[in-house]
file work_28.cif (mmCIF, C-alpha atoms and all ligand atoms)
data_start
loop_
_atom_site.group_PDB
_atom_site.id
_atom_site.type_symbol
_atom_site.label_atom_id
_atom_site.label_comp_id
_atom_site.auth_asym_id
_atom_site.auth_seq_id
_atom_site.Cartn_x
_atom_site.Cartn_y
_atom_site.Cartn_z
ATOM 1 C CA MET G 1 -54.700 -9.670 21.997
ATOM 2 C CA ARG G 2 -53.476 -10.149 25.523
ATOM 3 C CA LEU G 3 -50.837 -7.593 26.474
ATOM 4 C CA TRP G 4 -48.213 -10.171 27.483
ATOM 5 C CA LEU G 5 -47.729 -10.985 23.786
ATOM 6 C CA LEU G 6 -45.735 -7.760 23.482
ATOM 7 C CA ASP G 7 -43.010 -9.657 25.298
ATOM 8 C CA ILE G 8 -42.549 -12.039 22.357
ATOM 9 C CA LEU G 9 -43.962 -10.529 19.146
ATOM 10 C CA ALA G 10 -41.395 -9.463 16.564
ATOM 11 C CA CYS G 11 -41.837 -7.931 13.111
ATOM 12 C CA PRO G 12 -42.417 -10.797 10.658
ATOM 13 C CA ALA G 13 -41.102 -8.898 7.609
ATOM 14 C CA ASP G 14 -38.128 -10.473 5.827
ATOM 15 C CA GLY G 15 -34.939 -8.650 6.686
ATOM 16 C CA CYS G 16 -36.512 -6.861 9.672
ATOM 17 C CA LYS G 17 -37.537 -9.158 12.540
ATOM 18 C CA HIS G 18 -37.362 -6.149 14.854
ATOM 19 C CA TYR G 19 -38.448 -6.511 18.477
ATOM 20 C CA PRO G 20 -40.334 -5.132 20.344
ATOM 21 C CA LEU G 21 -43.359 -3.759 18.518
ATOM 22 C CA LYS G 22 -45.394 -0.753 19.682
ATOM 23 C CA LEU G 23 -49.054 -1.209 20.506
ATOM 24 C CA SER G 24 -51.897 1.282 20.183
ATOM 25 C CA ILE G 25 -55.232 0.146 21.581
ATOM 26 C CA PHE G 26 -58.439 1.252 19.825
ATOM 27 C CA GLU G 27 -61.003 -0.796 21.724
ATOM 28 C CA TRP G 28 -61.147 -3.479 24.418
ATOM 29 C CA GLU G 29 -63.078 -6.708 24.132
ATOM 30 C CA GLY G 30 -66.546 -6.917 25.726
ATOM 31 C CA ASP G 31 -66.634 -5.149 29.091
ATOM 32 C CA ASP G 32 -62.853 -5.207 29.559
ATOM 33 C CA ALA G 33 -62.569 -1.403 29.566
ATOM 34 C CA SER G 34 -64.861 -1.153 32.594
ATOM 35 C CA ARG G 35 -63.185 -4.171 34.239
ATOM 36 C CA ILE G 36 -59.845 -2.370 33.917
ATOM 37 C CA LEU G 37 -61.246 0.812 35.423
ATOM 38 C CA LYS G 38 -62.730 -1.162 38.335
ATOM 39 C CA ALA G 39 -59.483 -3.049 38.913
ATOM 40 C CA ARG G 40 -57.593 0.231 38.893
ATOM 41 C CA GLU G 41 -59.995 1.766 41.404
ATOM 42 C CA SER G 42 -59.719 -1.203 43.767
ATOM 43 C CA TYR G 43 -55.925 -1.360 43.408
ATOM 44 C CA ALA G 44 -55.671 2.342 44.299
ATOM 45 C CA LYS G 45 -57.534 1.492 47.529
ATOM 46 C CA GLY G 46 -55.183 -1.431 48.181
ATOM 47 C CA ASN G 47 -57.711 -4.103 47.272
ATOM 48 C CA VAL G 48 -56.740 -6.806 44.765
ATOM 49 C CA GLU G 49 -59.158 -9.533 45.899
ATOM 50 C CA ASN G 50 -61.186 -9.684 42.654
ATOM 51 C CA VAL G 51 -58.057 -9.676 40.553
ATOM 52 C CA LYS G 52 -56.542 -12.432 42.685
ATOM 53 C CA ARG G 53 -59.681 -14.543 42.307
ATOM 54 C CA GLU G 54 -59.565 -14.269 38.523
ATOM 55 C CA LEU G 55 -55.908 -15.291 38.456
ATOM 56 C CA LYS G 56 -56.690 -18.439 40.438
ATOM 57 C CA ASP G 57 -53.547 -20.558 40.769
ATOM 58 C CA SER G 58 -51.558 -18.859 38.045
ATOM 59 C CA VAL G 59 -49.854 -16.682 40.682
ATOM 60 C CA LYS G 60 -48.399 -18.355 43.740
ATOM 61 C CA ILE G 61 -46.612 -16.326 46.365
ATOM 62 C CA ASP G 62 -44.914 -18.055 49.267
ATOM 63 C CA ARG G 63 -43.992 -15.281 51.626
ATOM 64 C CA ASP G 64 -42.291 -17.544 54.181
ATOM 65 C CA LYS G 65 -39.971 -19.104 51.634
ATOM 66 C CA GLY G 66 -39.698 -15.886 49.623
ATOM 67 C CA ILE G 67 -40.668 -17.606 46.376
ATOM 68 C CA VAL G 68 -42.815 -16.261 43.556
ATOM 69 C CA GLU G 69 -44.287 -18.263 40.707
ATOM 70 C CA ASP G 70 -46.336 -16.411 38.120
ATOM 71 C CA GLU G 71 -47.262 -16.214 34.450
ATOM 72 C CA LEU G 72 -45.027 -13.238 33.756
ATOM 73 C CA VAL G 73 -41.695 -14.783 34.735
ATOM 74 C CA ARG G 74 -42.895 -18.361 34.388
ATOM 75 C CA SER G 75 -40.420 -20.270 36.535
ATOM 76 C CA PRO G 76 -40.566 -20.179 40.344
ATOM 77 C CA MET G 77 -37.959 -17.775 41.665
ATOM 78 C CA LYS G 78 -36.479 -16.503 44.871
ATOM 79 C CA VAL G 79 -37.658 -12.942 45.392
ATOM 80 C CA GLU G 80 -34.097 -11.544 44.989
ATOM 81 C CA ASP G 81 -34.011 -12.879 41.418
ATOM 82 C CA TYR G 82 -37.682 -12.358 40.761
ATOM 83 C CA VAL G 83 -37.347 -8.572 41.268
ATOM 84 C CA THR G 84 -35.032 -8.262 38.268
ATOM 85 C CA ALA G 85 -37.096 -10.585 36.089
ATOM 86 C CA PHE G 86 -40.312 -8.778 37.082
ATOM 87 C CA LYS G 87 -38.869 -5.367 36.156
ATOM 88 C CA GLU G 88 -37.699 -6.697 32.775
ATOM 89 C CA LYS G 89 -41.137 -8.117 31.985
ATOM 90 C CA VAL G 90 -42.922 -4.930 33.061
ATOM 91 C CA ASP G 91 -40.659 -2.932 30.740
ATOM 92 C CA SER G 92 -40.897 -5.272 27.770
ATOM 93 C CA ILE G 93 -44.680 -5.479 27.975
ATOM 94 C CA PHE G 94 -46.133 -2.273 29.351
ATOM 95 C CA LYS G 95 -43.584 0.243 28.061
ATOM 96 C CA ASN G 96 -44.579 -0.782 24.539
ATOM 97 C CA VAL G 97 -48.206 0.231 24.974
ATOM 98 C CA VAL G 98 -47.959 3.672 23.436
ATOM 99 C CA VAL G 99 -51.627 4.699 23.306
ATOM 100 C CA ASP G 100 -54.921 3.508 24.733
ATOM 101 C CA GLU G 101 -57.504 5.501 22.787
ATOM 102 C CA THR G 102 -60.249 4.341 25.175
ATOM 103 C CA GLY G 103 -58.329 5.802 28.119
ATOM 104 C CA ALA G 104 -59.290 2.792 30.257
ATOM 105 C CA SER G 105 -55.804 1.470 31.011
ATOM 106 C CA ILE G 106 -53.826 4.713 31.195
ATOM 107 C CA GLN G 107 -53.831 5.097 34.981
ATOM 108 C CA LEU G 108 -53.239 1.441 35.677
ATOM 109 C CA LEU G 109 -50.360 1.303 33.195
ATOM 110 C CA LYS G 110 -48.818 4.311 34.906
ATOM 111 C CA ALA G 111 -49.230 2.752 38.355
ATOM 112 C CA ILE G 112 -47.545 -0.457 37.158
ATOM 113 C CA LEU G 113 -44.691 1.316 35.381
ATOM 114 C CA ASP G 114 -44.106 3.660 38.336
ATOM 115 C CA PHE G 115 -44.023 0.846 40.895
ATOM 116 C CA LYS G 116 -40.554 0.307 42.364
ATOM 117 C CA PRO G 117 -40.350 -3.283 43.605
ATOM 118 C CA PRO G 118 -38.618 -3.647 46.967
ATOM 119 C CA SER G 119 -36.106 -6.475 47.460
ATOM 120 C CA VAL G 120 -38.416 -8.275 49.878
ATOM 121 C CA LEU G 121 -41.928 -9.609 49.481
ATOM 122 C CA ASP G 122 -44.039 -7.060 51.263
ATOM 123 C CA GLU G 123 -47.735 -6.406 50.814
ATOM 124 C CA SER G 124 -47.263 -3.663 48.232
ATOM 125 C CA PHE G 125 -45.095 -5.922 46.093
ATOM 126 C CA GLU G 126 -47.576 -8.797 46.314
ATOM 127 C CA LYS G 127 -50.412 -6.549 45.204
ATOM 128 C CA ALA G 128 -48.311 -5.213 42.348
ATOM 129 C CA ILE G 129 -47.540 -8.780 41.222
ATOM 130 C CA TYR G 130 -51.263 -9.628 41.156
ATOM 131 C CA ILE G 131 -52.381 -6.513 39.305
ATOM 132 C CA THR G 132 -49.511 -6.754 36.799
ATOM 133 C CA ASN G 133 -50.278 -10.397 35.972
ATOM 134 C CA TRP G 134 -53.946 -9.540 35.673
ATOM 135 C CA LEU G 135 -53.432 -6.695 33.195
ATOM 136 C CA ALA G 136 -50.996 -8.763 31.144
ATOM 137 C CA PHE G 137 -53.150 -11.910 30.939
ATOM 138 C CA LYS G 138 -56.783 -11.271 31.783
ATOM 139 C CA VAL G 139 -57.941 -8.531 29.451
ATOM 140 C CA ASN G 140 -58.058 -8.546 25.687
ATOM 141 C CA VAL G 141 -57.506 -5.908 23.015
ATOM 142 C CA GLN G 142 -60.372 -6.139 20.536
ATOM 143 C CA SER G 143 -58.981 -3.706 17.936
ATOM 144 C CA GLY G 144 -55.648 -1.977 17.701
ATOM 145 C CA ILE G 145 -52.430 -1.687 15.775
ATOM 146 C CA LEU G 146 -48.892 -2.966 16.197
ATOM 147 C CA VAL G 147 -46.206 -0.801 14.622
ATOM 148 C CA CYS G 148 -42.599 -1.671 13.890
ATOM 149 C CA ASP G 149 -40.295 1.266 14.646
ATOM 150 C CA ASN G 150 -37.562 -0.217 12.485
ATOM 151 C CA CYS G 151 -39.261 -0.704 9.095
ATOM 152 C CA GLY G 152 -42.466 1.278 9.663
ATOM 153 C CA ARG G 153 -44.800 -1.626 8.863
ATOM 154 C CA PHE G 154 -48.075 -1.994 10.720
ATOM 155 C CA TYR G 155 -49.990 -5.073 11.816
ATOM 156 C CA PRO G 156 -53.717 -4.847 12.549
ATOM 157 C CA ILE G 157 -55.390 -6.427 15.549
ATOM 158 C CA LEU G 158 -58.793 -7.627 14.366
ATOM 159 C CA GLU G 159 -61.314 -9.151 16.767
ATOM 160 C CA THR G 160 -58.541 -9.745 19.333
ATOM 161 C CA ILE G 161 -56.190 -11.457 16.845
ATOM 162 C CA PRO G 162 -52.928 -9.770 15.795
ATOM 163 C CA HIS G 163 -52.424 -10.405 12.073
ATOM 164 C CA MET G 164 -48.680 -10.898 11.878
ATOM 165 C CA LEU G 165 -47.993 -11.742 8.256
ATOM 166 C CA PRO G 166 -45.020 -11.145 5.976
ATOM 167 C CA ASP G 167 -45.647 -8.880 2.962
ATOM 168 C CA ASP G 168 -46.440 -11.593 0.422
ATOM 169 C CA LEU G 169 -49.201 -13.076 2.585
ATOM 170 C CA ARG G 170 -50.914 -9.862 3.586
ATOM 171 C CA ASN G 171 -54.503 -9.231 2.629
ATOM 172 C CA LYS G 172 -54.411 -5.811 0.935
ATOM 173 C CA LYS G 173 -58.183 -5.411 1.010
ATOM 174 C CA GLU G 174 -58.364 -6.206 4.718
ATOM 175 C CA ASP G 175 -55.463 -3.802 5.421
ATOM 176 C CA ARG G 176 -57.229 -1.014 3.561
ATOM 177 C CA GLU G 177 -60.553 -1.579 5.313
ATOM 178 C CA PHE G 178 -58.779 -1.565 8.659
ATOM 179 C CA LEU G 179 -56.959 1.710 7.916
ATOM 180 C CA LEU G 180 -60.149 3.382 6.730
ATOM 181 C CA LYS G 181 -62.174 2.189 9.705
ATOM 182 C CA TRP G 182 -59.657 3.429 12.277
ATOM 183 C CA ARG G 183 -58.088 6.289 10.315
ATOM 184 C CA LYS G 184 -58.517 8.845 13.110
ATOM 185 C CA PHE G 185 -56.236 6.719 15.339
ATOM 186 C CA ILE G 186 -53.700 5.603 12.697
ATOM 187 C CA PRO G 187 -50.379 7.453 12.512
ATOM 188 C CA LYS G 188 -50.345 9.844 9.537
ATOM 189 C CA LYS G 189 -47.123 8.342 8.219
ATOM 190 C CA ILE G 190 -48.788 4.956 7.799
ATOM 191 C CA LEU G 191 -51.895 6.394 6.122
ATOM 192 C CA GLU G 192 -49.704 8.305 3.661
ATOM 193 C CA ALA G 193 -47.487 5.323 2.910
ATOM 194 C CA GLU G 194 -50.577 3.208 2.222
ATOM 195 C CA GLY G 195 -52.274 5.907 0.157
ATOM 196 C CA VAL G 196 -55.195 6.320 2.560
ATOM 197 C CA ALA G 197 -54.431 9.917 3.614
HETATM 198 ZN ZN ZN N 1 -40.182 -4.312 10.889
#
call {"tool": "encode", "arguments": {"input": "work_28.cif", "output": "structure tokens"}}
result
Amino acid sequence: MRLWLLDILACPADGCKHYPLKLSIFEWEGDDASRILKARESYAKGNVENVKRELKDSVKIDRDKGIVEDELVRSPMKVEDYVTAFKEKVDSIFKNVVVDETGASIQLLKAILDFKPPSVLDESFEKAIYITNWLAFKVNVQSGILVCDNCGRFYPILETIPHMLPDDLRNKKEDREFLLKWRKFIPKKILEAEGVA
């Protein structure tokens, strides 16, 4: 699951539909954990060249005109408006990552959440836009869990796919296998409610 999905995923349970959901990451796909650590290291040194290359044309920054077009906010915007939209997206995506059990994204998440965008497009803001788009769109959660704070239901992420099904369509056997496999990372409340404690 790409992290940007946190911006749109809501609880599918009838009578709940709560948004946003909370994500805990158990493992990253392929070599994404090391890619994240490398990106973080380069970003700390002020270098986002690799990240920029991977994003290709999905992020366009016109410094002269003061216009930003990216995947996060989606429509091209003057930087004055983009600042607000950017902050909203950062909050609705990255604030809902509650745990990364691999540790790989912790520092980068903190750097993104701590970044205070200025009202003009300077170099620090441009770099933050690139790294934020990259973390939201270019890495994939292999296994994890989405939890609804409203009703307490959980939704497994299996082989990068979040299984967002209402109660009557859930696969009880698959749920149980998932909880047993990852029990050391699953909140106790959920294990107890599902009888896996
Ligand atoms: Zn819910």
call {"tool": "resolve_selection", "arguments": {"input": "work_28.cif", "expression": "the PyMOL selection byres (((chain G and resi 43-52) around 12) and not hetatm)", "output": "JSON, numbers by chain"}}
result
{"G": [35, 36, 37, 38, 39, 40, 41, 42, 53, 54, 55, 56, 57, 58, 59, 60, 61, 70, 107, 108, 109, 110, 111, 112, 123, 124, 125, 126, 127, 128, 129, 130, 131, 132, 133, 134, 135, 136, 137, 138, 139]}
call {"tool": "resolve_selection", "arguments": {"input": "work_28.cif", "expression": "the PyMOL selection byres (((chain G and resi 143-160) around 7) and not hetatm)", "output": "PDB file with C-alpha atoms, in the frame of the given file"}}
result
ATOM      1  CA  MET G   1     -54.700  -9.670  21.997  1.00  0.00           C
ATOM      2  CA  CYS G  11     -41.837  -7.931  13.111  1.00  0.00           C
ATOM      3  CA  CYS G  16     -36.512  -6.861   9.672  1.00  0.00           C
ATOM      4  CA  HIS G  18     -37.362  -6.149  14.854  1.00  0.00           C
ATOM      5  CA  LEU G  21     -43.359  -3.759  18.518  1.00  0.00           C
ATOM      6  CA  LYS G  22     -45.394  -0.753  19.682  1.00  0.00           C
ATOM      7  CA  LEU G  23     -49.054  -1.209  20.506  1.00  0.00           C
ATOM      8  CA  SER G  24     -51.897   1.282  20.183  1.00  0.00           C
ATOM      9  CA  ILE G  25     -55.232   0.146  21.581  1.00  0.00           C
ATOM     10  CA  PHE G  26     -58.439   1.252  19.825  1.00  0.00           C
ATOM     11  CA  GLU G  27     -61.003  -0.796  21.724  1.00  0.00           C
ATOM     12  CA  TRP G  28     -61.147  -3.479  24.418  1.00  0.00           C
ATOM     13  CA  ASN G 140     -58.058  -8.546  25.687  1.00  0.00           C
ATOM     14  CA  VAL G 141     -57.506  -5.908  23.015  1.00  0.00           C
ATOM     15  CA  GLN G 142     -60.372  -6.139  20.536  1.00  0.00           C
ATOM     16  CA  ILE G 161     -56.190 -11.457  16.845  1.00  0.00           C
ATOM     17  CA  PRO G 162     -52.928  -9.770  15.795  1.00  0.00           C
ATOM     18  CA  HIS G 163     -52.424 -10.405  12.073  1.00  0.00           C
ATOM     19  CA  MET G 164     -48.680 -10.898  11.878  1.00  0.00           C
TER      20      MET G 164
END
call {"tool": "atom_distance", "arguments": {"input": "work_28.cif", "atom1": "CA of Glu177 in chain G", "atom2": "CA of Val98 in chain G"}}
result
22.7 Å
call {"tool": "closest_residue", "arguments": {"input": "work_28.cif", "among": "G:Ala33, G:Ile106, G:Val97, G:Leu165", "to": "ligand ZN 1 (chain N)", "atoms": "all atoms listed in the file"}}
result
G:Leu165
call {"tool": "residues_around", "arguments": {"input": "work_28.cif", "residues": "Arg176 in chain G", "least_positions_apart": "5", "cutoff": "9 Å", "atoms": "all atoms listed in the file", "output": "list in words"}}
result
Asn171, Lys181, Glu194 and Val196 of chain G
call {"tool": "closest_residue", "arguments": {"input": "work_28.cif", "among": "G:Gly30, G:Pro166, G:Val68, G:Arg2", "to": "ligand ZN 1 (chain N)", "atoms": "all atoms listed in the file"}}
result
G:Pro166
call {"tool": "axis_aligned_box", "arguments": {"input": "work_28.cif", "around": "range 79-83 of chain G", "padding_each_side": "4 Å", "output": "lines of an AutoDock Vina configuration file"}}
result
center_x = -35.8
center_y = -10.8
center_z = 43.1
size_x = 11.7
size_y = 12.4
size_z = 12.6
call {"tool": "atom_distance", "arguments": {"input": "work_28.cif", "atom1": "CA of Glu29 in chain G", "atom2": "CA of Asp7 in chain G"}}
result
20.3 Å
call {"tool": "closest_residue", "arguments": {"input": "work_28.cif", "among": "G:Val120, G:Ala13, G:Leu5, G:Leu113", "to": "ligand ZN 1 (chain N)", "atoms": "all atoms listed in the file"}}
result
G:Ala13
call {"tool": "atom_distance", "arguments": {"input": "work_28.cif", "atom1": "CA of Glu71 in chain G", "atom2": "CA of Asp91 in chain G"}}
result
15.3 Å
call {"tool": "closest_residue", "arguments": {"input": "work_28.cif", "among": "G:Pro20, G:Asp64, G:Leu179, G:Trp4", "to": "ligand ZN 1 (chain N)", "atoms": "only C-alpha atoms and all ligand atoms"}}
result
G:Pro20
call {"tool": "closest_residue", "arguments": {"input": "work_28.cif", "among": "G:Pro118, G:Gly66, G:Gly195, G:Gly15", "to": "ligand ZN 1 (chain N)", "atoms": "only C-alpha atoms and all ligand atoms"}}
result
G:Gly15
call {"tool": "closest_residue", "arguments": {"input": "work_28.cif", "among": "G:Asp62, G:Asp114, G:Asp167, G:Asp175", "to": "ligand ZN 1 (chain N)", "atoms": "only C-alpha atoms and all ligand atoms"}}
result
G:Asp167
call {"tool": "residues_near_point", "arguments": {"input": "work_28.cif", "point": "(-38.7, -5.4, 36.4)", "cutoff": "12 Å", "atoms": "only C-alpha atoms", "output": "short mmCIF file (atom, residue, chain, number, x, y, z; two decimals) with C-alpha atoms, in the frame of the given file"}}
result
data_model
loop_
_atom_site.label_atom_id
_atom_site.label_comp_id
_atom_site.auth_asym_id
_atom_site.auth_seq_id
_atom_site.Cartn_x
_atom_site.Cartn_y
_atom_site.Cartn_z
CA LEU G 72 -45.03 -13.24 33.76
CA VAL G 73 -41.70 -14.78 34.74
CA VAL G 79 -37.66 -12.94 45.39
CA GLU G 80 -34.10 -11.54 44.99
CA ASP G 81 -34.01 -12.88 41.42
CA TYR G 82 -37.68 -12.36 40.76
CA VAL G 83 -37.35 -8.57 41.27
CA THR G 84 -35.03 -8.26 38.27
CA ALA G 85 -37.10 -10.58 36.09
CA PHE G 86 -40.31 -8.78 37.08
CA LYS G 87 -38.87 -5.37 36.16
CA GLU G 88 -37.70 -6.70 32.78
CA LYS G 89 -41.14 -8.12 31.98
CA VAL G 90 -42.92 -4.93 33.06
CA ASP G 91 -40.66 -2.93 30.74
CA SER G 92 -40.90 -5.27 27.77
CA ILE G 93 -44.68 -5.48 27.98
CA PHE G 94 -46.13 -2.27 29.35
CA LYS G 95 -43.58 0.24 28.06
CA ILE G 112 -47.54 -0.46 37.16
CA LEU G 113 -44.69 1.32 35.38
CA ASP G 114 -44.11 3.66 38.34
CA PHE G 115 -44.02 0.85 40.90
CA LYS G 116 -40.55 0.31 42.36
CA PRO G 117 -40.35 -3.28 43.60
CA PRO G 118 -38.62 -3.65 46.97
CA SER G 119 -36.11 -6.48 47.46
CA PHE G 125 -45.10 -5.92 46.09
CA ALA G 128 -48.31 -5.21 42.35
CA ILE G 129 -47.54 -8.78 41.22
CA THR G 132 -49.51 -6.75 36.80
#
call {"tool": "residues_around", "arguments": {"input": "work_28.cif", "residues": "Lys184 in chain G", "least_positions_apart": "6", "cutoff": "12 Å", "atoms": "all atoms listed in the file", "output": "number ranges by chain"}}
result
G: 26, 101, 178, 190-191, 196-197
